[in-house]
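K.L.:
Before I ask anything, let me first share the structure, which is written out below as structure tokens.
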Amino acid sequence: MLLHVLLVFFLLNEIPVQGINEDLVISWEQKIKLDEFRTIVEAQLPHEYMKTDIYLIRWLKACNYDIPAAARMLRENLRWREENEMDTILDEDWTEFNSQYRFNLDGCDDNGAPVAVLFVGEWDMRRAALAGQSDKMRRFIDKCFEEVTTVLRNMQAHGSNATRPNLILDVASLSVQVQACPRCIPFYIYLVQTLGAHFPNIFNVVIAINTPDIIIPLWNNVIKPAAPPEVKKLVDVYGRKKSVWREALLTKYGIDWTKMSHEMGGVGRDPVDSNDLIKRGYLYECP
């Protein structure tokens with residue numbers, strides 16, 4: 001199914017649509033801007049997937065449908081991708097990092113969008129900094145986002161209507177000394193900055209769970225102020241009370257945690273990690 005067929009056009013922005021991803025719903029005025037935007041940038045796009053409506057609309061939304069601003073943002077991103085060899089980042093050997101810094105796909109929401117779980121609480125940021133691997137750590141963060149977008153494109157190519165996955169950040173095992181050291185904070189700032197600048201509008205929501213009380217002020221006072229506006233709206237932070245964030249997953253985000261893996265408290269199948277995805281050719285199906 002061609003991705004542009006997924007777009008449903010409405011003449012009025014105010015028409016309420018429930019159960020349909022916002023990427024599939026645009027007004028007629030927005031459709032006109034999308035076509036104009038495509039005309040301006042299409043010749044510069046190196047890959048076919050970049051010419052789809054689903055891809056292009058993300059840059060327009062990131063710039064509030066300001067076409068010149070969106071074109072600049074996209075061109076800057078293309079330069080960044082070329083300079084950082086993003087087209088081949090998944091071909092690099094990430095076996096060690098994938099094992100040390102876990103990142104799983106664990107079920108789907110009620111709209112068929114995959115749920116990614118990043119175990120930030122286990123990520124030994126201090127070790128990466130002290131080992132002189134700061135640059136590779138930042139590149140690994142970009143790899144994770146590139147991995148998610150690749151999986152999503154493959155799902156769409158096989159008929160899925162999902163346009164954005166969900167990201168859960170599990171910080172249960174977080175240690176202030178290991179993850180929140182002064183040399184570690186730049187990693188988190190980079191995470192939110194690259195998400196906004198290079199992977200805009202790729203997630204439905206980013207949900208931090210099991211967050212220690214000491215980290216919530218760190219988010220509110222240090223990381224969140226440095227984040228782009230769309231990232232600030234994207235992220236929700238929950239503490240360690242499981243009943244609260246599990247209820248939020250189920251009722252607010254449409255993620256049935258009981259169908260997730262045992263590690264997340266559910267009875268679903270085992271999650272798929274990054275090394276598994278490589279073996280599967282970055283193909284993923286909802287349970």
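How things are named: the first chain in the structure tokens is A, the next is B, and so on; residues count from 1 in each chain; ligands count from 1 in the order shown.
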Residues at most 8 Å from Val117 of chain A, counting only C-alpha atoms, excluding those fewer than 2 positions away in the same chain, as a PyMOL selection string?
P.N.:
chain A and resi 103-106+115+119+167-170
K.L.:
How would the residues just chosen look if you wrote them out with C-alpha atoms as a compact mmCIF listing (two decimals), in the first residue's frame?
P.N.:
```
# COMPACT_ATOMS: atom_id res chain seq x y z
CA PHE A 103 16.61 -0.98 23.72
CA ASN A 104 13.62 -3.28 23.06
CA LEU A 105 10.43 -3.39 21.05
CA ASP A 106 7.74 -4.69 23.38
CA VAL A 115 6.14 0.30 21.74
CA PHE A 119 16.24 1.07 29.71
CA LEU A 167 8.81 5.32 23.47
CA ILE A 168 9.01 4.28 27.11
CA LEU A 169 12.10 5.33 29.09
CA ASP A 170 12.48 2.96 32.05
```
K.L.:
Just the residues within 9 Å of Ile216 of chain A, please, counting only C-alpha atoms, with nothing from its chain fewer than 4 positions along; format it as an MDAnalysis selection string.
P.N.:
chainID A and resid 211:212 220:221 237:239
K.L.:
Each residue of segment 24-79 of chain A lying at most 12 Å from segment 190-203 of chain A should get a row with its shortest atom-to-atom pair and the distance in Å to one decimal, counting only C-alpha atoms; could you produce that, ordered by chain and increasing number, as CSV?
P.N.:
```
residue,atom,partner,partner_atom,distance
A:Ile54,CA,A:Ile202,CA,10.2
A:Tyr55,CA,A:Ile202,CA,9.3
A:Leu56,CA,A:Pro200,CA,10.5
A:Ile57,CA,A:Asn201,CA,9.1
A:Arg58,CA,A:Asn201,CA,5.6
A:Trp59,CA,A:Pro200,CA,6.8
A:Leu60,CA,A:Pro200,CA,9.7
A:Lys61,CA,A:Asn201,CA,7.8
A:Ala62,CA,A:Pro200,CA,6.4
A:Cys63,CA,A:Pro200,CA,9.9
A:Asn64,CA,A:Asn201,CA,11.9
A:Ala70,CA,A:Pro200,CA,11.0
A:Arg72,CA,A:Ala197,CA,11.3
A:Met73,CA,A:Ala197,CA,7.7
A:Leu74,CA,A:His198,CA,8.4
A:Arg75,CA,A:His198,CA,10.6
A:Glu76,CA,A:His198,CA,8.9
A:Asn77,CA,A:His198,CA,5.9
A:Leu78,CA,A:His198,CA,9.0
A:Arg79,CA,A:His198,CA,10.6
```
K.L.:
Would you put the residues from that selection into a file with C-alpha atoms, as a PDB file, in the first residue's frame?
P.N.:
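Contents of part32.pdb, as written:
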```pdb
ATOM      1  CA  ILE A  54       4.194  10.718   5.846  1.00  0.00           C
ATOM      2  CA  TYR A  55       7.850  11.786   5.871  1.00  0.00           C
ATOM      3  CA  LEU A  56       7.415  15.323   4.549  1.00  0.00           C
ATOM      4  CA  ILE A  57       4.536  16.259   6.834  1.00  0.00           C
ATOM      5  CA  ARG A  58       6.754  15.799   9.885  1.00  0.00           C
ATOM      6  CA  TRP A  59       9.026  18.670   8.867  1.00  0.00           C
ATOM      7  CA  LEU A  60       6.108  20.953   8.134  1.00  0.00           C
ATOM      8  CA  LYS A  61       4.538  20.200  11.508  1.00  0.00           C
ATOM      9  CA  ALA A  62       7.861  20.809  13.264  1.00  0.00           C
ATOM     10  CA  CYS A  63       7.846  24.335  11.789  1.00  0.00           C
ATOM     11  CA  ASN A  64       4.117  24.989  12.213  1.00  0.00           C
ATOM     12  CA  ALA A  70      10.654  23.565   7.095  1.00  0.00           C
ATOM     13  CA  ARG A  72      15.746  24.947   5.826  1.00  0.00           C
ATOM     14  CA  MET A  73      15.290  22.410   8.600  1.00  0.00           C
ATOM     15  CA  LEU A  74      15.074  19.512   6.163  1.00  0.00           C
ATOM     16  CA  ARG A  75      18.116  20.665   4.180  1.00  0.00           C
ATOM     17  CA  GLU A  76      20.127  21.039   7.368  1.00  0.00           C
ATOM     18  CA  ASN A  77      19.105  17.537   8.331  1.00  0.00           C
ATOM     19  CA  LEU A  78      20.157  16.165   4.942  1.00  0.00           C
ATOM     20  CA  ARG A  79      23.568  17.760   5.415  1.00  0.00           C
TER      21      ARG A  79
END
```
K.L.:
Please return, as a list in words, all residues of segment 72-197 of chain A that DSSP assigns to strand (DSSP E or B) on the basis of the backbone.
P.N.:
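Strand (DSSP E or B) assignments inside segment 72-197 of chain A correspond to Phe103, Asn104, Leu105, Asp106, Gly107, Cys108, Pro114, Val115, Ala116, Val117, Leu118, Asn166, Leu167, Ile168, Leu169 and Asp170 of chain A.
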